[in-house]
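Chemist: Just so it is clear, I am handing over run_29.pdb, which has PDB, C-alpha atoms.
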```pdb
ATOM      1  CA  MET A   1      78.006  -7.223 -40.926
ATOM      2  CA  ASN A   2      79.124  -6.300 -44.427
ATOM      3  CA  TYR A   3      80.511  -2.883 -45.273
ATOM      4  CA  ARG A   4      80.377  -0.777 -48.426
ATOM      5  CA  LYS A   5      82.169   2.374 -49.551
ATOM      6  CA  LEU A   6      80.176   5.571 -49.121
ATOM      7  CA  GLY A   7      81.071   7.346 -52.348
ATOM      8  CA  LYS A   8      83.648  10.125 -52.271
ATOM      9  CA  THR A   9      83.839  10.000 -48.497
ATOM     10  CA  ASN A  10      85.762   6.718 -48.726
ATOM     11  CA  PHE A  11      84.109   5.739 -45.453
ATOM     12  CA  ASN A  12      83.473   2.002 -45.228
ATOM     13  CA  VAL A  13      80.019   1.916 -43.693
ATOM     14  CA  SER A  14      77.766  -0.899 -42.575
ATOM     15  CA  GLU A  15      75.322  -1.820 -45.304
ATOM     16  CA  ILE A  16      72.579  -1.851 -42.688
ATOM     17  CA  ALA A  17      72.837   1.333 -40.644
ATOM     18  CA  LEU A  18      70.512   3.148 -38.246
ATOM     19  CA  GLY A  19      68.084   5.937 -39.005
ATOM     20  CA  THR A  20      66.987   7.837 -35.920
ATOM     21  CA  TRP A  21      63.779   9.608 -36.895
ATOM     22  CA  GLN A  22      61.875   7.583 -34.284
ATOM     23  CA  VAL A  23      64.680   6.606 -31.893
ATOM     24  CA  GLY A  24      63.215   7.105 -28.446
ATOM     25  CA  GLY A  25      60.139   8.874 -29.795
ATOM     26  CA  GLY A  26      59.334  10.794 -32.956
ATOM     27  CA  TRP A  27      56.338   8.982 -34.366
ATOM     28  CA  GLY A  28      53.713  10.013 -31.890
ATOM     29  CA  GLN A  29      55.670   8.973 -28.818
ATOM     30  CA  THR A  30      57.300  11.018 -26.062
ATOM     31  CA  PHE A  31      61.081  10.880 -26.306
ATOM     32  CA  ASP A  32      62.651   8.372 -23.928
ATOM     33  CA  HIS A  33      66.383   8.774 -23.384
ATOM     34  CA  GLN A  34      66.927   5.254 -22.054
ATOM     35  CA  THR A  35      65.153   3.678 -25.021
ATOM     36  CA  ALA A  36      67.163   5.803 -27.425
ATOM     37  CA  SER A  37      70.411   4.757 -25.762
ATOM     38  CA  ARG A  38      69.509   1.071 -25.855
ATOM     39  CA  ILE A  39      68.562   1.242 -29.520
ATOM     40  CA  ILE A  40      71.745   3.020 -30.552
ATOM     41  CA  HIS A  41      74.050   0.798 -28.514
ATOM     42  CA  THR A  42      72.302  -2.340 -29.792
ATOM     43  CA  ALA A  43      73.053  -1.195 -33.319
ATOM     44  CA  LEU A  44      76.684  -0.411 -32.516
ATOM     45  CA  ASP A  45      77.147  -3.718 -30.690
ATOM     46  CA  SER A  46      75.935  -5.471 -33.848
ATOM     47  CA  GLY A  47      78.476  -3.870 -36.161
ATOM     48  CA  VAL A  48      76.587  -0.783 -37.306
ATOM     49  CA  ASN A  49      79.081   2.065 -37.770
ATOM     50  CA  PHE A  50      76.888   4.664 -39.500
ATOM     51  CA  ILE A  51      74.075   6.611 -37.852
ATOM     52  CA  ASP A  52      71.807   9.097 -39.578
ATOM     53  CA  THR A  53      70.018  11.789 -37.594
ATOM     54  CA  ALA A  54      68.754  15.358 -38.054
ATOM     55  CA  ASP A  55      68.450  18.517 -36.026
ATOM     56  CA  VAL A  56      64.654  18.429 -36.263
ATOM     57  CA  TYR A  57      64.196  14.862 -35.001
ATOM     58  CA  ASP A  58      62.512  15.289 -31.628
ATOM     59  CA  ALA A  59      63.677  18.905 -31.575
ATOM     60  CA  GLY A  60      67.341  17.975 -31.247
ATOM     61  CA  LEU A  61      66.935  15.145 -28.737
ATOM     62  CA  SER A  62      67.808  12.525 -31.363
ATOM     63  CA  GLU A  63      71.045  14.327 -32.220
ATOM     64  CA  ALA A  64      71.923  14.624 -28.544
ATOM     65  CA  ALA A  65      71.296  10.920 -27.960
ATOM     66  CA  VAL A  66      73.478   9.998 -30.929
ATOM     67  CA  GLY A  67      76.293  12.242 -29.758
ATOM     68  CA  LYS A  68      76.143  10.827 -26.233
ATOM     69  CA  ALA A  69      76.280   7.255 -27.487
ATOM     70  CA  ILE A  70      79.234   8.003 -29.764
ATOM     71  CA  ARG A  71      81.177   9.486 -26.866
ATOM     72  CA  GLU A  72      80.562   6.294 -24.896
ATOM     73  CA  ARG A  73      82.209   4.117 -27.574
ATOM     74  CA  SER A  74      85.801   3.563 -28.599
ATOM     75  CA  GLU A  75      85.274   2.337 -32.156
ATOM     76  CA  ARG A  76      84.979   4.621 -35.197
ATOM     77  CA  ILE A  77      81.365   5.575 -35.752
ATOM     78  CA  TYR A  78      80.352   7.774 -38.660
ATOM     79  CA  VAL A  79      77.668  10.355 -37.904
ATOM     80  CA  ALA A  80      75.443  11.994 -40.487
ATOM     81  CA  THR A  81      73.023  14.740 -39.590
ATOM     82  CA  LYS A  82      70.916  17.187 -41.573
ATOM     83  CA  CYS A  83      70.105  20.870 -41.637
ATOM     84  CA  GLY A  84      67.548  23.169 -43.185
ATOM     85  CA  ARG A  85      64.179  21.872 -42.082
ATOM     86  CA  GLN A  86      64.061  24.276 -39.160
ATOM     87  CA  ILE A  87      63.446  27.027 -41.700
ATOM     88  CA  GLN A  88      59.783  28.004 -41.528
ATOM     89  CA  PRO A  89      58.131  28.695 -43.820
ATOM     90  CA  HIS A  90      60.217  26.166 -45.695
ATOM     91  CA  VAL A  91      60.851  28.200 -48.841
ATOM     92  CA  HIS A  92      64.052  28.539 -50.816
ATOM     93  CA  GLU A  93      64.235  32.317 -50.278
ATOM     94  CA  ALA A  94      64.751  31.662 -46.560
ATOM     95  CA  TYR A  95      67.836  29.533 -47.228
ATOM     96  CA  THR A  96      70.976  31.583 -46.636
ATOM     97  CA  PRO A  97      74.569  30.588 -45.906
ATOM     98  CA  GLU A  98      74.309  32.443 -42.603
ATOM     99  CA  ILE A  99      71.326  30.499 -41.276
ATOM    100  CA  LEU A 100      72.682  27.144 -42.446
ATOM    101  CA  ARG A 101      76.016  27.872 -40.761
ATOM    102  CA  LYS A 102      74.146  28.504 -37.496
ATOM    103  CA  PHE A 103      72.334  25.192 -37.851
ATOM    104  CA  VAL A 104      75.580  23.281 -38.426
ATOM    105  CA  GLU A 105      77.261  24.934 -35.461
ATOM    106  CA  ALA A 106      74.214  24.192 -33.288
ATOM    107  CA  SER A 107      74.355  20.511 -34.287
ATOM    108  CA  LEU A 108      78.033  20.340 -33.364
ATOM    109  CA  LYS A 109      77.230  21.767 -29.956
ATOM    110  CA  ASN A 110      74.184  19.553 -29.491
ATOM    111  CA  MET A 111      76.153  16.384 -30.253
ATOM    112  CA  ALA A 112      79.294  17.642 -28.489
ATOM    113  CA  LEU A 113      81.401  16.693 -31.503
ATOM    114  CA  ASP A 114      84.398  18.490 -32.977
ATOM    115  CA  THR A 115      83.381  17.726 -36.553
ATOM    116  CA  ILE A 116      80.417  16.244 -38.408
ATOM    117  CA  ASP A 117      81.351  13.380 -40.715
ATOM    118  CA  LEU A 118      78.486  14.088 -43.112
ATOM    119  CA  ILE A 119      76.154  17.084 -43.088
ATOM    120  CA  GLN A 120      73.167  16.840 -45.413
ATOM    121  CA  LEU A 121      70.804  19.454 -46.715
ATOM    122  CA  HIS A 122      67.464  18.177 -45.475
ATOM    123  CA  CYS A 123      65.128  17.970 -48.448
ATOM    124  CA  PRO A 124      65.381  21.632 -49.420
ATOM    125  CA  PRO A 125      62.966  23.233 -51.901
ATOM    126  CA  THR A 126      63.923  22.430 -55.482
ATOM    127  CA  PRO A 127      65.264  25.929 -56.363
ATOM    128  CA  VAL A 128      67.969  25.542 -53.685
ATOM    129  CA  TYR A 129      69.678  23.008 -55.947
ATOM    130  CA  LYS A 130      70.493  25.843 -58.352
ATOM    131  CA  ARG A 131      72.081  28.131 -55.757
ATOM    132  CA  ALA A 132      75.866  27.926 -55.798
ATOM    133  CA  GLU A 133      76.244  30.120 -52.706
ATOM    134  CA  ILE A 134      74.408  27.534 -50.610
ATOM    135  CA  PHE A 135      76.618  24.661 -51.700
ATOM    136  CA  GLY A 136      79.725  26.836 -51.482
ATOM    137  CA  LEU A 137      79.141  27.389 -47.766
ATOM    138  CA  PHE A 138      79.993  23.770 -47.068
ATOM    139  CA  ASP A 139      83.407  24.083 -48.690
ATOM    140  CA  ARG A 140      84.175  26.787 -46.152
ATOM    141  CA  LEU A 141      82.824  24.704 -43.286
ATOM    142  CA  LYS A 142      85.032  21.848 -44.425
ATOM    143  CA  GLU A 143      88.081  24.127 -44.496
ATOM    144  CA  GLU A 144      87.228  25.170 -40.945
ATOM    145  CA  GLY A 145      87.086  21.527 -39.845
ATOM    146  CA  LYS A 146      83.442  21.708 -38.817
ATOM    147  CA  ILE A 147      82.335  19.120 -41.375
ATOM    148  CA  GLN A 148      84.061  16.399 -43.334
ATOM    149  CA  HIS A 149      81.638  15.928 -46.225
ATOM    150  CA  LEU A 150      78.425  17.297 -47.734
ATOM    151  CA  GLY A 151      75.412  15.289 -48.805
ATOM    152  CA  VAL A 152      71.823  15.989 -49.742
ATOM    153  CA  SER A 153      68.590  14.326 -48.753
ATOM    154  CA  VAL A 154      66.183  14.611 -51.663
ATOM    155  CA  GLU A 155      62.562  13.994 -52.485
ATOM    156  CA  THR A 156      62.844  13.407 -56.226
ATOM    157  CA  VAL A 157      65.184  11.802 -58.731
ATOM    158  CA  GLU A 158      65.336  15.157 -60.523
ATOM    159  CA  GLU A 159      66.643  16.854 -57.370
ATOM    160  CA  ALA A 160      69.222  14.114 -56.928
ATOM    161  CA  GLU A 161      70.535  14.686 -60.432
ATOM    162  CA  MET A 162      70.614  18.456 -59.893
ATOM    163  CA  ALA A 163      72.604  18.043 -56.686
ATOM    164  CA  LEU A 164      75.338  16.135 -58.483
ATOM    165  CA  GLU A 165      76.085  19.223 -60.556
ATOM    166  CA  PHE A 166      77.990  20.386 -57.456
ATOM    167  CA  PRO A 167      81.264  18.461 -57.103
ATOM    168  CA  ASN A 168      81.336  18.776 -53.318
ATOM    169  CA  VAL A 169      78.210  16.595 -52.973
ATOM    170  CA  SER A 170      79.496  13.244 -51.743
ATOM    171  CA  THR A 171      76.225  11.462 -50.989
ATOM    172  CA  VAL A 172      72.555  11.464 -51.868
ATOM    173  CA  GLN A 173      69.930  10.181 -49.463
ATOM    174  CA  ILE A 174      66.835   9.040 -51.313
ATOM    175  CA  ILE A 175      63.669   7.018 -50.763
ATOM    176  CA  PHE A 176      64.033   3.601 -52.376
ATOM    177  CA  ASN A 177      62.030   0.479 -51.647
ATOM    178  CA  MET A 178      59.814  -2.116 -53.313
ATOM    179  CA  PHE A 179      57.153   0.588 -53.661
ATOM    180  CA  ARG A 180      59.569   3.215 -55.033
ATOM    181  CA  LEU A 181      61.620   1.779 -57.917
ATOM    182  CA  LYS A 182      62.291   4.905 -59.956
ATOM    183  CA  PRO A 183      65.737   5.778 -58.510
ATOM    184  CA  SER A 184      67.180   2.501 -59.810
ATOM    185  CA  GLU A 185      66.140   3.183 -63.392
ATOM    186  CA  LYS A 186      68.552   6.016 -64.117
ATOM    187  CA  PHE A 187      69.881   7.789 -61.062
ATOM    188  CA  PHE A 188      71.821   4.869 -59.609
ATOM    189  CA  ALA A 189      74.012   4.701 -62.703
ATOM    190  CA  ILE A 190      74.565   8.470 -62.637
ATOM    191  CA  ALA A 191      75.552   8.327 -58.972
ATOM    192  CA  GLN A 192      77.946   5.479 -59.578
ATOM    193  CA  ASN A 193      79.622   7.362 -62.413
ATOM    194  CA  SER A 194      80.005  10.382 -60.101
ATOM    195  CA  ASN A 195      81.351   8.277 -57.212
ATOM    196  CA  CYS A 196      78.378   9.431 -55.162
ATOM    197  CA  GLY A 197      77.320   7.392 -52.159
ATOM    198  CA  ILE A 198      73.661   6.374 -51.992
ATOM    199  CA  ILE A 199      71.925   6.319 -48.621
ATOM    200  CA  VAL A 200      68.530   4.635 -48.804
ATOM    201  CA  ARG A 201      65.834   5.853 -46.448
ATOM    202  CA  VAL A 202      62.204   4.751 -45.879
ATOM    203  CA  PRO A 203      63.072   1.183 -46.963
ATOM    204  CA  LEU A 204      59.920  -0.212 -45.338
ATOM    205  CA  ALA A 205      57.526   2.457 -46.663
ATOM    206  CA  SER A 206      56.614   3.703 -43.174
ATOM    207  CA  GLY A 207      55.632   0.208 -42.105
ATOM    208  CA  LEU A 208      53.659  -0.899 -45.157
ATOM    209  CA  LEU A 209      56.479  -3.271 -46.073
ATOM    210  CA  THR A 210      56.558  -4.906 -42.658
ATOM    211  CA  GLY A 211      53.401  -6.784 -43.546
ATOM    212  CA  LYS A 212      52.059  -6.034 -40.084
ATOM    213  CA  LEU A 213      49.625  -3.247 -40.967
ATOM    214  CA  HIS A 214      45.970  -3.868 -41.827
ATOM    215  CA  PRO A 215      42.950  -1.764 -42.863
ATOM    216  CA  SER A 216      42.006  -1.011 -39.256
ATOM    217  CA  SER A 217      45.539  -0.016 -38.195
ATOM    218  CA  SER A 218      45.542   3.304 -36.371
ATOM    219  CA  PHE A 219      48.371   5.609 -35.406
ATOM    220  CA  PRO A 220      48.780   8.324 -32.776
ATOM    221  CA  GLU A 221      47.477  11.752 -33.672
ATOM    222  CA  ASN A 222      50.998  13.184 -33.877
ATOM    223  CA  ASP A 223      52.373  10.292 -35.967
ATOM    224  CA  HIS A 224      53.044  11.422 -39.550
ATOM    225  CA  ARG A 225      51.142   8.357 -40.766
ATOM    226  CA  THR A 226      48.056  10.084 -39.387
ATOM    227  CA  PHE A 227      48.633  13.732 -40.235
ATOM    228  CA  ASN A 228      50.714  13.686 -43.430
ATOM    229  CA  ARG A 229      49.033  11.209 -45.761
ATOM    230  CA  GLN A 230      48.231  13.957 -48.245
ATOM    231  CA  GLY A 231      51.349  16.007 -47.570
ATOM    232  CA  GLU A 232      49.760  18.339 -45.045
ATOM    233  CA  ALA A 233      53.044  18.835 -43.136
ATOM    234  CA  PHE A 234      55.780  17.868 -45.611
ATOM    235  CA  ASP A 235      56.188  15.940 -48.844
ATOM    236  CA  LYS A 236      53.617  13.154 -48.830
ATOM    237  CA  GLY A 237      56.177  10.814 -50.382
ATOM    238  CA  GLU A 238      57.759  10.535 -46.931
ATOM    239  CA  THR A 239      54.604   8.822 -45.611
ATOM    240  CA  PHE A 240      53.970   5.321 -46.954
ATOM    241  CA  SER A 241      56.247   6.357 -49.869
ATOM    242  CA  GLY A 242      53.268   8.317 -51.174
ATOM    243  CA  VAL A 243      51.292   5.125 -51.811
ATOM    244  CA  PRO A 244      47.574   5.233 -50.904
ATOM    245  CA  PHE A 245      47.287   3.195 -47.715
ATOM    246  CA  GLU A 246      44.685   0.642 -48.828
ATOM    247  CA  LEU A 247      46.464   0.071 -52.137
ATOM    248  CA  GLY A 248      49.753  -0.436 -50.322
ATOM    249  CA  LEU A 249      48.142  -3.063 -48.119
ATOM    250  CA  GLU A 250      46.946  -4.963 -51.198
ATOM    251  CA  ALA A 251      50.390  -4.924 -52.733
ATOM    252  CA  ALA A 252      51.995  -5.956 -49.438
ATOM    253  CA  GLU A 253      49.714  -8.982 -49.220
ATOM    254  CA  GLU A 254      50.863 -10.129 -52.652
ATOM    255  CA  LEU A 255      54.471  -9.591 -51.642
ATOM    256  CA  LYS A 256      53.898 -11.728 -48.537
ATOM    257  CA  LEU A 257      52.785 -14.577 -50.789
ATOM    258  CA  LEU A 258      55.996 -14.172 -52.777
ATOM    259  CA  VAL A 259      58.135 -14.286 -49.634
ATOM    260  CA  GLY A 260      56.299 -17.212 -48.080
ATOM    261  CA  ASN A 261      57.850 -18.570 -44.899
ATOM    262  CA  GLN A 262      61.467 -17.957 -45.878
ATOM    263  CA  ALA A 263      61.630 -14.604 -44.075
ATOM    264  CA  SER A 264      59.523 -11.760 -42.750
ATOM    265  CA  LEU A 265      58.369  -9.261 -45.340
ATOM    266  CA  ALA A 266      60.438  -6.556 -43.616
ATOM    267  CA  ALA A 267      63.624  -8.624 -43.821
ATOM    268  CA  PHE A 268      62.903  -9.478 -47.447
ATOM    269  CA  ALA A 269      62.355  -5.782 -48.213
ATOM    270  CA  LEU A 270      65.693  -4.804 -46.693
ATOM    271  CA  ARG A 271      67.520  -7.636 -48.453
ATOM    272  CA  TRP A 272      65.904  -6.499 -51.707
ATOM    273  CA  VAL A 273      67.439  -3.023 -51.288
ATOM    274  CA  LEU A 274      70.876  -4.572 -50.758
ATOM    275  CA  MET A 275      70.598  -6.420 -54.061
ATOM    276  CA  PHE A 276      71.505  -3.122 -55.741
ATOM    277  CA  PRO A 277      75.300  -2.737 -55.612
ATOM    278  CA  GLU A 278      75.065   1.033 -56.128
ATOM    279  CA  VAL A 279      73.472   1.345 -52.671
ATOM    280  CA  SER A 280      76.051   2.239 -50.028
ATOM    281  CA  THR A 281      73.856   1.774 -46.966
ATOM    282  CA  VAL A 282      70.220   1.546 -45.934
ATOM    283  CA  ILE A 283      68.989   3.306 -42.793
ATOM    284  CA  PRO A 284      65.878   1.642 -41.368
ATOM    285  CA  GLY A 285      64.601   3.128 -38.152
ATOM    286  CA  ALA A 286      63.723   1.337 -34.954
ATOM    287  CA  SER A 287      61.569   2.117 -31.950
ATOM    288  CA  LYS A 288      62.987  -0.712 -29.820
ATOM    289  CA  PRO A 289      66.220  -2.727 -29.706
ATOM    290  CA  ALA A 290      64.593  -5.901 -31.050
ATOM    291  CA  GLN A 291      63.752  -4.097 -34.281
ATOM    292  CA  VAL A 292      67.399  -3.149 -34.703
ATOM    293  CA  GLN A 293      68.392  -6.800 -34.449
ATOM    294  CA  GLU A 294      65.697  -7.833 -36.907
ATOM    295  CA  ASN A 295      66.849  -5.212 -39.405
ATOM    296  CA  ILE A 296      70.484  -6.248 -39.153
ATOM    297  CA  ALA A 297      69.627  -9.948 -39.549
ATOM    298  CA  ALA A 298      68.102  -9.149 -42.941
ATOM    299  CA  ALA A 299      71.588  -8.684 -44.382
ATOM    300  CA  GLU A 300      72.320 -12.342 -43.678
ATOM    301  CA  LEU A 301      69.502 -13.610 -45.888
ATOM    302  CA  PRO A 302      70.605 -15.286 -49.117
ATOM    303  CA  ALA A 303      70.586 -13.209 -52.264
ATOM    304  CA  LEU A 304      67.201 -12.922 -53.889
ATOM    305  CA  LYS A 305      66.675 -15.048 -56.960
ATOM    306  CA  PRO A 306      66.013 -13.481 -60.380
ATOM    307  CA  TYR A 307      62.404 -14.635 -60.366
ATOM    308  CA  GLN A 308      61.877 -12.880 -57.016
ATOM    309  CA  MET A 309      63.345  -9.629 -58.307
ATOM    310  CA  ASP A 310      61.117  -9.892 -61.378
ATOM    311  CA  ALA A 311      58.069 -10.625 -59.238
ATOM    312  CA  VAL A 312      58.679  -7.547 -57.055
ATOM    313  CA  LYS A 313      58.826  -5.397 -60.172
ATOM    314  CA  ALA A 314      55.632  -6.967 -61.523
ATOM    315  CA  ILE A 315      53.781  -6.236 -58.278
ATOM    316  CA  TYR A 316      55.045  -2.647 -58.370
ATOM    317  CA  GLU A 317      53.810  -2.235 -61.930
ATOM    318  CA  LYS A 318      50.455  -3.817 -61.105
ATOM    319  CA  TYR A 319      49.621  -1.773 -58.030
ATOM    320  CA  ILE A 320      51.953   1.149 -57.517
ATOM    321  CA  LYS A 321      53.543   2.565 -60.657
ATOM    322  CA  LYS A 322      50.574   4.487 -62.019
ATOM    323  CA  GLU A 323      50.028   6.141 -58.622
ATOM    324  CA  ILE A 324      53.495   7.465 -57.831
ATOM    325  CA  HIS A 325      56.126   6.812 -60.480
ATOM    326  CA  HIS A 326      55.661  10.175 -62.161
ATOM    327  CA  LEU A 327      55.707  12.117 -58.878
ATOM    328  CA  TRP A 328      59.129  11.335 -57.419
TER     329      TRP A 328
END
```
Could you rewrite the structure in this file as structure tokens?

Modeler:
Amino acid sequence: MNYRKLGKTNFNVSEIALGTWQVGGGWGQTFDHQTASRIIHTALDSGVNFIDTADVYDAGLSEAAVGKAIRERSERIYVATKCGRQIQPHVHEAYTPEILRKFVEASLKNMALDTIDLIQLHCPPTPVYKRAEIFGLFDRLKEEGKIQHLGVSVETVEEAEMALEFPNVSTVQIIFNMFRLKPSEKFFAIAQNSNCGIIVRVPLASGLLTGKLHPSSSFPENDHRTFNRQGEAFDKGETFSGVPFELGLEAAEELKLLVGNQASLAAFALRWVLMFPEVSTVIPGASKPAQVQENIAAAELPALKPYQMDAVKAIYEKYIKKEIHHLW
């Protein structure tokens, strides 16, 4: 496993980490504590030292599973969680320092931790990024020892740039993959100049970049790939990166031809993300231990060649750019 510095935190984190949206459940499945434990420990046994979770993943069960696993280990594991998405309706007027403090304290209790290494605002409404009293809360929580660092999880490049106006923002979590190139055009350089860590989420575009989906693929009724394709529940960019499903399948088929038999499309997609030195870590999810091992193995692939990087960009411009580039 290789490790990279996570911005101002100065944490050296595994370049392949673990996202826990669907650990033990989450995407249409009932939460299974044993599965969650096996997934997390498989990651830790393989050198992963950074885990990303959130208070809303499986109504707190993901956080609890992460906390339990951390307490069962002796090595240093960095834990990132998120707050804010419990606010319903999810409008900026409902964001207050008081409610966010309660969320942070609830996460500490849920994970049975003394401090949270990285707390992230969980894709708040855009106006929140202009509210100094919200960001100021986390300075106080840091002084109290309840958190170590603040980050933000964003939907758009514009929000990411707004967040960096606050000097206490140490990391930005953003969607970046072969179907979402925009962050690399400008924001990566801005983040690097600000010593901001970049956490990449949705690296496989909700499964489109595994190459395993097909036109007749179906998903459980309570899987976001069924109910959120048009943003019915939350930002549609979180589902298939906002790419229309059939179009994404076309583009994925062309990418599979580019990859050939040298690797799986999923491994190629993860290795592609790591080609960007500004990226601190990428947090693919897993619903079983074997997927964790497959994700981690991607880091061992040889560096992509210039013609491959150019070909990925050409496929993006052919199929994807006109659909989503202007949106996020």

Chemist: Would you work out the distance separating CA of Ile51 (chain A) from CA of Ile16 (chain A), expressed in Å to one decimal?

Modeler: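 So the two atoms, CA of Ile51 (chain A) and CA of Ile16 (chain A), lie 9.9 Å apart.
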
Chemist: Excluding same-chain residues fewer than 6 positions from region 188-191 of chain A, what lies within 8 Å of it counting only C-alpha atoms, as a compact mmCIF listing (two decimals) with C-alpha atoms, in the frame of the given file?

Modeler:
```
# COMPACT_ATOMS: atom_id res chain seq x y z
CA GLU A 161 70.54 14.69 -60.43
CA LEU A 164 75.34 16.14 -58.48
CA GLY A 197 77.32 7.39 -52.16
CA ILE A 198 73.66 6.37 -51.99
CA GLU A 278 75.06 1.03 -56.13
CA VAL A 279 73.47 1.34 -52.67
```

Chemist: Quick one: which residues end up in the PyMOL selection byres ((chain A and resi 73-86) around 8) for this structure, as a PyMOL selection string?

Modeler: chain A and resi 13+49-56+63+69-72+87-88+90+95+100+103-104+107+116-124

Chemist: Give me the residues within 7 Å of region 132-141 of chain A as a ChimeraX atom specification, counting all atoms listed in the file and dropping any in the same chain fewer than 6 places off.

Modeler: /A:96-97,147,150

Chemist: Given all atoms listed in the file as the basis, pick out the residue of A:Ala303, A:Ala314, A:Val172, A:Val157 nearest to Lys186 (chain A).

Modeler: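 So, comparing all the options, the nearest one is A:Val157.
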
Chemist: Could you tell me, as a PyMOL selection string, exactly which residues end up selected when the PyMOL selection byres ((chain A and resi 323) around 12) is applied to this structure?

Modeler: chain A and resi 179-180+237+241-245+247-248+316-322+324-328

Chemist: Selection in question (the file shown): the PyMOL selection byres ((chain A and resi 37) around 9). Which residues does it include, as an MDAnalysis selection string?

Modeler: chainID A and resid 23:24 32:36 38:42 65:66 68:69

Chemist: What does the distance from CA of Leu113 (chain A) to CA of Pro284 (chain A) come to in Å, to one decimal?

Modeler: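 Value for the CA of Leu113 (chain A)-CA of Pro284 (chain A) distance: 23.8 Å.
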
Chemist: Using only C-alpha atoms, can you tell me which of A:Thr30, A:Asn177, A:Phe276, A:Leu44 comes closest to Ile296 (chain A)?

Modeler: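 Counting only C-alpha atoms, the residue closest to Ile296 (chain A) is A:Leu44.
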
Chemist: Using CA of Phe219 (chain A) and CA of Gly19 (chain A) as the two end points, give the distance in Å to one decimal.

Modeler: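 Answer for the CA of Phe219 (chain A) to CA of Gly19 (chain A) separation: 20.0 Å.
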
Chemist: Which of these, A:Leu18, A:Leu181, A:Ala59, A:Val200, has the shortest distance to Ser153 (chain A) once you count all atoms listed in the file?

Modeler: A:Val200

Chemist: List as a list of chain:residue names the protein and nucleic acid residues near Val259 (chain A), meaning an atom at most 9 Å away when all atoms listed in the file are counted, but skip any in the same chain fewer than 6 places from it.

Modeler: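 After dropping sequence-adjacent residues, the list is A:Leu265, A:Phe268, A:Gln308.
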
Chemist: How big is the axis-aligned box, and where does its centre sit, when it encloses all atoms of region 202-220 of chain A listed in the file and has 3 Å added on every side, reported in Å to one decimal as AutoDock Vina command-line options?

Modeler:
```
--center_x 52.5 --center_y 0.8 --center_z -39.9 --size_x 27.1 --size_y 21.1 --size_z 20.2
```

Chemist: For Lys256 (chain A), please output as a VMD selection string all residues within 12 Å (counting all atoms listed in the file; exclusion window: fewer than 5 positions along the same chain).

Modeler: chain A and resid 208 to 212 249 to 251 261 to 269 308 311 to 312 315

Chemist: When you count all atoms listed in the file, which of these residues is closest to Ala252 (chain A): A:His214, A:Lys236, A:Arg229, A:Lys288?

Modeler: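 Closest to Ala252 (chain A) of all the choices is A:His214.
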
Chemist: What's around Glu165 (chain A) at 10 Å? Count all atoms listed in the file, leave out sequence neighbours fewer than 6 positions away in its own chain, and write the answer as a ChimeraX atom specification.

Modeler: /A:129-130,132,194

Chemist: Dump C-alpha atoms for the selected residues as a PDB file, in the coordinates of the input?

Modeler:
```
ATOM      1  CA  TYR A 129      69.678  23.008 -55.947  1.00  0.00           C
ATOM      2  CA  LYS A 130      70.493  25.843 -58.352  1.00  0.00           C
ATOM      3  CA  ALA A 132      75.866  27.926 -55.798  1.00  0.00           C
ATOM      4  CA  SER A 194      80.005  10.382 -60.101  1.00  0.00           C
TER       5      SER A 194
END
```
